[in-house]
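Working notes, beginning with the structure itself.
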Amino acid sequence: MINNNKFREEDKMERNIFENISPLDHRYSLRDDEFDAYQDYFSEEAKVKYQAKVEEVLVRTLAERGICSKEIADEVESAVSEIEAEEVYQEEKKTKHNIRALVNCIQEKVSEEAKPYVHFTTTSFDIVDTANVLRLKEATNGLLLPTLKSLEKKLIEIAEREKETVQIGRTHGQAAVPITFGFTIAEYVSRLGERIEAIANSATKLRGKISGAVGAYNASSLFFDDPEDFEKQVLSHLGLKAGEYSTQIIMPESVTDYVHTLISTFGVLANFSDDMRHLQRSEIGEVGEHFSKDQVGSSTMPHKRNPINYENVKSMWKKFMPQMVTLYQDQISEHQRDLSNSASSRFIPEVIVALMLSTNRLIRVTEKLVVDQKNIAENFAKYKEMVVAEPLYILLASYGHPDAHEAVRKLTLKAEESGKPLRKLVKEEERLKRYLDKFNDKQWELLLNPEKYIGIAVEKTEKITTKWSGKLNL
């Protein structure tokens, strides 16, 4: 990983974050403990450092191939360690070309003997694309995956803790059949776990290139009988592999697939947040965010405790999810390359930063998630008389009733009109007696105690949390 501590400290002293344009750089960067880590990968300083690293490794490989001396490679390595983004940008004012500016800055720091080997046989996007996928891969392994796993661990803890907490199930916003709150959380343990695996897998497929101006190894083939092997050797120093084919740029699908895993993961976080937000509604009140003593929910209604964190995550997802469309558009590049992905691809790091900010927000919230046992029980009690409709109809059908669903449907309407419990009306229904007499004790127990009609919610929750704890080594 490229280390930018020196530049970060100077930047903190000089930069007024409130003069920034992007909310990522002022409103959301206020948590410096988080944002510092992002700068190591996604700041402009980091971007230049990664590009310079590729230039350094290129010369190192030339030395290994006997094209230049080891001393020249050492000289370039030393020069690269001194490169700063500011000087490259100053040079770019003259060159109007960012990579040529970087090359010039490196060459200014080395001897006349070393200068010819800086950027030797490569084109700009050998450097740009390789540096970009390198920082994406390193950020994924060093920052993104550990953070997502931390959230996954918190969800597993909640699921296990609440695996037997009976909750009314809800479909289409209506009371359904019983589950447990742990089972509710297990959904997101499973979905997030699969996305973590998808991100890790897609990161391994990110590819670099050292194949020249049109991808045909024209320049490197002047010096190497095996230019593809030379490319492989350069990239191996960076922990990367080459794509099967490239033009002036890498094939875009590996980055497209990678970003898709980020966006779909963001969708899981947004869905979880939306569910928790609804469960925090005044009329439901089954969960709650922890509020500090000085926290304000509304500027005009002092009693409010708004689910701001869950709403923020969904709002961030709404902003960054559409950027996936841009990645699909960036798949299209005319002939060996046009410049139409140059500006748009620079915004990919924003997706990762936004996902990281939202993940860390949910980690903080889930650490203090409050489950209101009283409300969750009261909400279940409101609907427990009706939830027996499903097991009742299925059992009646199993004992030969020709139209059990309709019979029970009519009884539910009668229960609503009369205010009598469904279970009581069933016993008063003479036409059902010959079927009811066949019910065994266990079946009657489910009808008399609807809170026990939870299927294998507890066992399923345990199965999922055990699986993902093991697969992700949590």
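Letters for chains follow the order of the structure tokens (A, B, ...), residue numbers begin at 1 for each chain, and ligand numbers begin at 1 in the order shown.
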
Subject >> Selection: 6 Å around range 47-60 of chain A, only C-alpha atoms, excl. self and same-chain fewer than 6 positions, as a PyMOL selection string >> reply: chain A and resi 73+77+80+85+127+131+234

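The residues of range 144-393 of chain A that DSSP assigns to strand (DSSP E or B) on this backbone come out as Val166, Gln167, Ile168, Gly169, Arg170, Thr171, Gln174, Ala175, Ala176, Val177, Pro178, Ile179, Thr180, Arg207, Gly208, Lys241, Ala242, Ser246, Ile250, Val287, Gly288, Val370 and Val371 of chain A.
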
Would you export the selected residues with C-alpha atoms as a tab-separated table (two decimals), in the first residue's frame, please?
```
chain	number	residue	atom	x	y	z
A	166	VAL	CA	-40.95	-14.07	18.27
A	167	GLN	CA	-41.98	-11.40	15.79
A	168	ILE	CA	-44.92	-11.06	13.45
A	169	GLY	CA	-43.84	-11.69	9.87
A	170	ARG	CA	-44.83	-9.07	7.32
A	171	THR	CA	-45.52	-9.42	3.61
A	174	GLN	CA	-49.43	-6.80	6.26
A	175	ALA	CA	-49.21	-9.20	9.18
A	176	ALA	CA	-48.26	-12.65	7.89
A	177	VAL	CA	-47.15	-15.67	9.95
A	178	PRO	CA	-44.74	-15.68	12.90
A	179	ILE	CA	-40.97	-15.59	12.58
A	180	THR	CA	-38.27	-14.40	14.99
A	207	ARG	CA	-6.40	-7.03	-14.64
A	208	GLY	CA	-3.52	-4.73	-15.58
A	241	LYS	CA	-2.26	-10.48	-13.84
A	242	ALA	CA	-2.67	-9.33	-17.42
A	246	SER	CA	-6.19	-5.27	-24.34
A	250	ILE	CA	-7.78	-2.95	-20.34
A	287	VAL	CA	-36.34	-1.35	17.13
A	288	GLY	CA	-34.66	1.94	17.80
A	370	VAL	CA	-32.23	-1.45	20.67
A	371	VAL	CA	-34.84	-4.19	20.29
```

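You can rank A:Ile332, A:Ala216, A:Ile199, A:Cys105 by their closest distance to Phe266 in chain A using only C-alpha atoms, and at the top of that list sits A:Ile199.
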
Subject >> For range 139-147 of chain A: contacts at 9 Å, only C-alpha atoms, fewer than 5 positions along chain excluded, given as a count of residues only >> reply: 18

Would you give me, as a PDB file with C-alpha atoms, in the first residue's frame, the residues in range 270-428 of chain A that DSSP reads as helix (DSSP H, G or I)?
```pdb
ATOM      1  CA  ALA A 270     -29.982   0.133   1.857  1.00  0.00           C
ATOM      2  CA  ASN A 271     -32.605  -2.625   2.113  1.00  0.00           C
ATOM      3  CA  PHE A 272     -31.515  -3.470   5.654  1.00  0.00           C
ATOM      4  CA  SER A 273     -31.664   0.204   6.564  1.00  0.00           C
ATOM      5  CA  ASP A 274     -35.112   0.565   5.059  1.00  0.00           C
ATOM      6  CA  ASP A 275     -36.414  -2.422   7.031  1.00  0.00           C
ATOM      7  CA  MET A 276     -34.974  -1.094  10.274  1.00  0.00           C
ATOM      8  CA  ARG A 277     -36.342   2.377   9.515  1.00  0.00           C
ATOM      9  CA  HIS A 278     -39.856   0.967   9.093  1.00  0.00           C
ATOM     10  CA  LEU A 279     -39.575  -1.115  12.253  1.00  0.00           C
ATOM     11  CA  ILE A 308     -31.372   9.409  10.641  1.00  0.00           C
ATOM     12  CA  ASN A 309     -28.629   6.824  10.196  1.00  0.00           C
ATOM     13  CA  TYR A 310     -30.800   4.346   8.332  1.00  0.00           C
ATOM     14  CA  GLU A 311     -32.211   7.139   6.208  1.00  0.00           C
ATOM     15  CA  ASN A 312     -28.723   8.398   5.415  1.00  0.00           C
ATOM     16  CA  VAL A 313     -27.614   4.992   4.149  1.00  0.00           C
ATOM     17  CA  LYS A 314     -30.612   4.712   1.854  1.00  0.00           C
ATOM     18  CA  SER A 315     -30.056   8.260   0.636  1.00  0.00           C
ATOM     19  CA  MET A 316     -26.382   7.565  -0.114  1.00  0.00           C
ATOM     20  CA  TRP A 317     -27.390   4.433  -2.042  1.00  0.00           C
ATOM     21  CA  LYS A 318     -29.827   6.502  -4.116  1.00  0.00           C
ATOM     22  CA  LYS A 319     -27.005   8.876  -5.022  1.00  0.00           C
ATOM     23  CA  PHE A 320     -24.323   6.340  -5.943  1.00  0.00           C
ATOM     24  CA  GLN A 323     -23.256   5.493 -11.245  1.00  0.00           C
ATOM     25  CA  MET A 324     -23.446   1.859 -12.315  1.00  0.00           C
ATOM     26  CA  VAL A 325     -25.051   3.082 -15.522  1.00  0.00           C
ATOM     27  CA  THR A 326     -21.913   5.098 -16.233  1.00  0.00           C
ATOM     28  CA  LEU A 327     -19.786   1.970 -15.861  1.00  0.00           C
ATOM     29  CA  TYR A 328     -21.955   0.203 -18.423  1.00  0.00           C
ATOM     30  CA  GLN A 329     -21.526   3.155 -20.751  1.00  0.00           C
ATOM     31  CA  SER A 344     -16.091   9.331 -15.911  1.00  0.00           C
ATOM     32  CA  SER A 345     -13.745   6.607 -14.613  1.00  0.00           C
ATOM     33  CA  ARG A 346     -12.154   9.068 -12.200  1.00  0.00           C
ATOM     34  CA  PHE A 347     -15.305   8.937 -10.077  1.00  0.00           C
ATOM     35  CA  ILE A 348     -15.165   5.191  -9.351  1.00  0.00           C
ATOM     36  CA  PRO A 349     -13.408   5.766  -5.983  1.00  0.00           C
ATOM     37  CA  GLU A 350     -16.421   7.777  -4.824  1.00  0.00           C
ATOM     38  CA  VAL A 351     -18.528   4.621  -4.932  1.00  0.00           C
ATOM     39  CA  ILE A 352     -16.118   2.820  -2.632  1.00  0.00           C
ATOM     40  CA  VAL A 353     -15.842   5.765  -0.246  1.00  0.00           C
ATOM     41  CA  ALA A 354     -19.625   6.140  -0.054  1.00  0.00           C
ATOM     42  CA  LEU A 355     -20.044   2.410   0.550  1.00  0.00           C
ATOM     43  CA  MET A 356     -17.401   2.534   3.260  1.00  0.00           C
ATOM     44  CA  LEU A 357     -18.987   5.537   4.954  1.00  0.00           C
ATOM     45  CA  SER A 358     -22.367   3.798   4.994  1.00  0.00           C
ATOM     46  CA  THR A 359     -20.894   0.528   6.229  1.00  0.00           C
ATOM     47  CA  ASN A 360     -19.133   2.258   9.103  1.00  0.00           C
ATOM     48  CA  ARG A 361     -22.327   4.147   9.911  1.00  0.00           C
ATOM     49  CA  LEU A 362     -24.241   0.863  10.170  1.00  0.00           C
ATOM     50  CA  ILE A 363     -21.515  -0.670  12.315  1.00  0.00           C
ATOM     51  CA  ARG A 364     -21.956   2.165  14.807  1.00  0.00           C
ATOM     52  CA  VAL A 365     -25.736   1.856  14.726  1.00  0.00           C
ATOM     53  CA  THR A 366     -25.901  -1.931  15.057  1.00  0.00           C
ATOM     54  CA  GLU A 367     -23.519  -1.838  18.011  1.00  0.00           C
ATOM     55  CA  GLN A 373     -39.153  -6.590  23.536  1.00  0.00           C
ATOM     56  CA  LYS A 374     -42.391  -5.133  24.884  1.00  0.00           C
ATOM     57  CA  ASN A 375     -43.507  -3.628  21.573  1.00  0.00           C
ATOM     58  CA  ILE A 376     -42.459  -6.634  19.548  1.00  0.00           C
ATOM     59  CA  ALA A 377     -44.582  -8.849  21.836  1.00  0.00           C
ATOM     60  CA  GLU A 378     -47.543  -6.465  21.795  1.00  0.00           C
ATOM     61  CA  ASN A 379     -47.476  -6.221  18.010  1.00  0.00           C
ATOM     62  CA  PHE A 380     -47.494  -9.998  17.767  1.00  0.00           C
ATOM     63  CA  ALA A 381     -50.384 -10.210  20.223  1.00  0.00           C
ATOM     64  CA  LYS A 382     -52.484  -7.946  17.988  1.00  0.00           C
ATOM     65  CA  TYR A 383     -52.380 -10.410  15.135  1.00  0.00           C
ATOM     66  CA  LYS A 384     -51.827 -13.797  16.743  1.00  0.00           C
ATOM     67  CA  GLU A 385     -55.500 -14.757  16.459  1.00  0.00           C
ATOM     68  CA  MET A 386     -55.374 -14.423  12.687  1.00  0.00           C
ATOM     69  CA  VAL A 387     -51.991 -16.018  12.037  1.00  0.00           C
ATOM     70  CA  ALA A 389     -55.425 -19.180   9.626  1.00  0.00           C
ATOM     71  CA  GLU A 390     -52.546 -20.678   7.622  1.00  0.00           C
ATOM     72  CA  PRO A 391     -51.858 -23.767   9.740  1.00  0.00           C
ATOM     73  CA  LEU A 392     -55.604 -24.258  10.227  1.00  0.00           C
ATOM     74  CA  TYR A 393     -56.368 -24.327   6.509  1.00  0.00           C
ATOM     75  CA  ILE A 394     -53.389 -26.556   5.695  1.00  0.00           C
ATOM     76  CA  LEU A 395     -54.285 -29.050   8.426  1.00  0.00           C
ATOM     77  CA  LEU A 396     -57.935 -29.120   7.344  1.00  0.00           C
ATOM     78  CA  ALA A 397     -56.843 -29.790   3.775  1.00  0.00           C
ATOM     79  CA  SER A 398     -54.485 -32.545   4.924  1.00  0.00           C
ATOM     80  CA  ALA A 404     -60.227 -25.631   3.282  1.00  0.00           C
ATOM     81  CA  HIS A 405     -58.842 -22.271   2.169  1.00  0.00           C
ATOM     82  CA  GLU A 406     -62.289 -20.833   1.446  1.00  0.00           C
ATOM     83  CA  ALA A 407     -63.728 -22.237   4.682  1.00  0.00           C
ATOM     84  CA  VAL A 408     -61.021 -20.596   6.767  1.00  0.00           C
ATOM     85  CA  ARG A 409     -61.188 -17.351   4.750  1.00  0.00           C
ATOM     86  CA  LYS A 410     -64.867 -17.017   5.617  1.00  0.00           C
ATOM     87  CA  LEU A 411     -64.149 -17.734   9.265  1.00  0.00           C
ATOM     88  CA  THR A 412     -61.514 -14.942   9.346  1.00  0.00           C
ATOM     89  CA  LEU A 413     -64.124 -12.494   8.026  1.00  0.00           C
ATOM     90  CA  LYS A 414     -66.568 -13.683  10.655  1.00  0.00           C
ATOM     91  CA  ALA A 415     -63.915 -13.260  13.338  1.00  0.00           C
ATOM     92  CA  GLU A 416     -63.247  -9.692  12.254  1.00  0.00           C
ATOM     93  CA  GLU A 417     -66.963  -8.828  12.223  1.00  0.00           C
ATOM     94  CA  SER A 418     -67.819 -10.513  15.519  1.00  0.00           C
ATOM     95  CA  LEU A 422     -60.693 -17.373  15.164  1.00  0.00           C
ATOM     96  CA  ARG A 423     -59.691 -20.326  17.293  1.00  0.00           C
ATOM     97  CA  LYS A 424     -63.000 -20.134  19.174  1.00  0.00           C
ATOM     98  CA  LEU A 425     -65.081 -19.840  16.014  1.00  0.00           C
ATOM     99  CA  VAL A 426     -63.374 -22.899  14.561  1.00  0.00           C
ATOM    100  CA  LYS A 427     -64.523 -25.040  17.473  1.00  0.00           C
ATOM    101  CA  GLU A 428     -68.076 -23.733  17.075  1.00  0.00           C
TER     102      GLU A 428
END
```

Subject >> Test item: residues at most 8 Å from Phe181 in chain A, only C-alpha atoms, excluding those fewer than 6 positions along its chain, as a list in words >> reply: Ala159, Glu162, Lys163, Glu164, Thr165, Val166 and Gln167 of chain A

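With only C-alpha atoms as the atoms that count, the residue of A:Ile72, A:Leu432, A:Ile99, A:Ala457 with the shortest distance to Asp129 in chain A is A:Ile99.
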
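Ranking A:Lys109, A:Arg337, A:Arg161, A:Lys232 by their shortest atom-to-atom distance to Phe125 in chain A, with only C-alpha atoms included, puts A:Arg337 first.
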
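Of the residues under consideration (A:Glu429, A:Asp338, A:Glu194, A:Glu112), A:Glu194 shows the shortest atom-to-atom contact distance to Lys149 in chain A when counting only C-alpha atoms.
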
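Of the listed residues A:His335, A:Lys471, A:Lys433, A:Arg191, the one whose atoms come nearest to Gly267 in chain A is A:Arg191, with distances taken using only C-alpha atoms.
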
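Every protein or nucleic acid residue with an atom no more than 7 Å from Glu84 in chain A, counting only C-alpha atoms and leaving out same-chain residues fewer than 3 positions away, appears here: Glu45, Glu87 and Val88 of chain A.
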
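Pairwise distance (CA of Thr261 in chain A, CA of Lys467 in chain A) equals 20.9 Å.
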
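Nearest to Asp403 in chain A of all the residues A:Arg431, A:Lys463, A:Lys205, A:His260 is A:Arg431, based on only C-alpha atoms.
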
Original post:
Do you have the CA of Val110 in chain A-CA of Glu44 in chain A distance handy?
Top reply: 23.5 Å
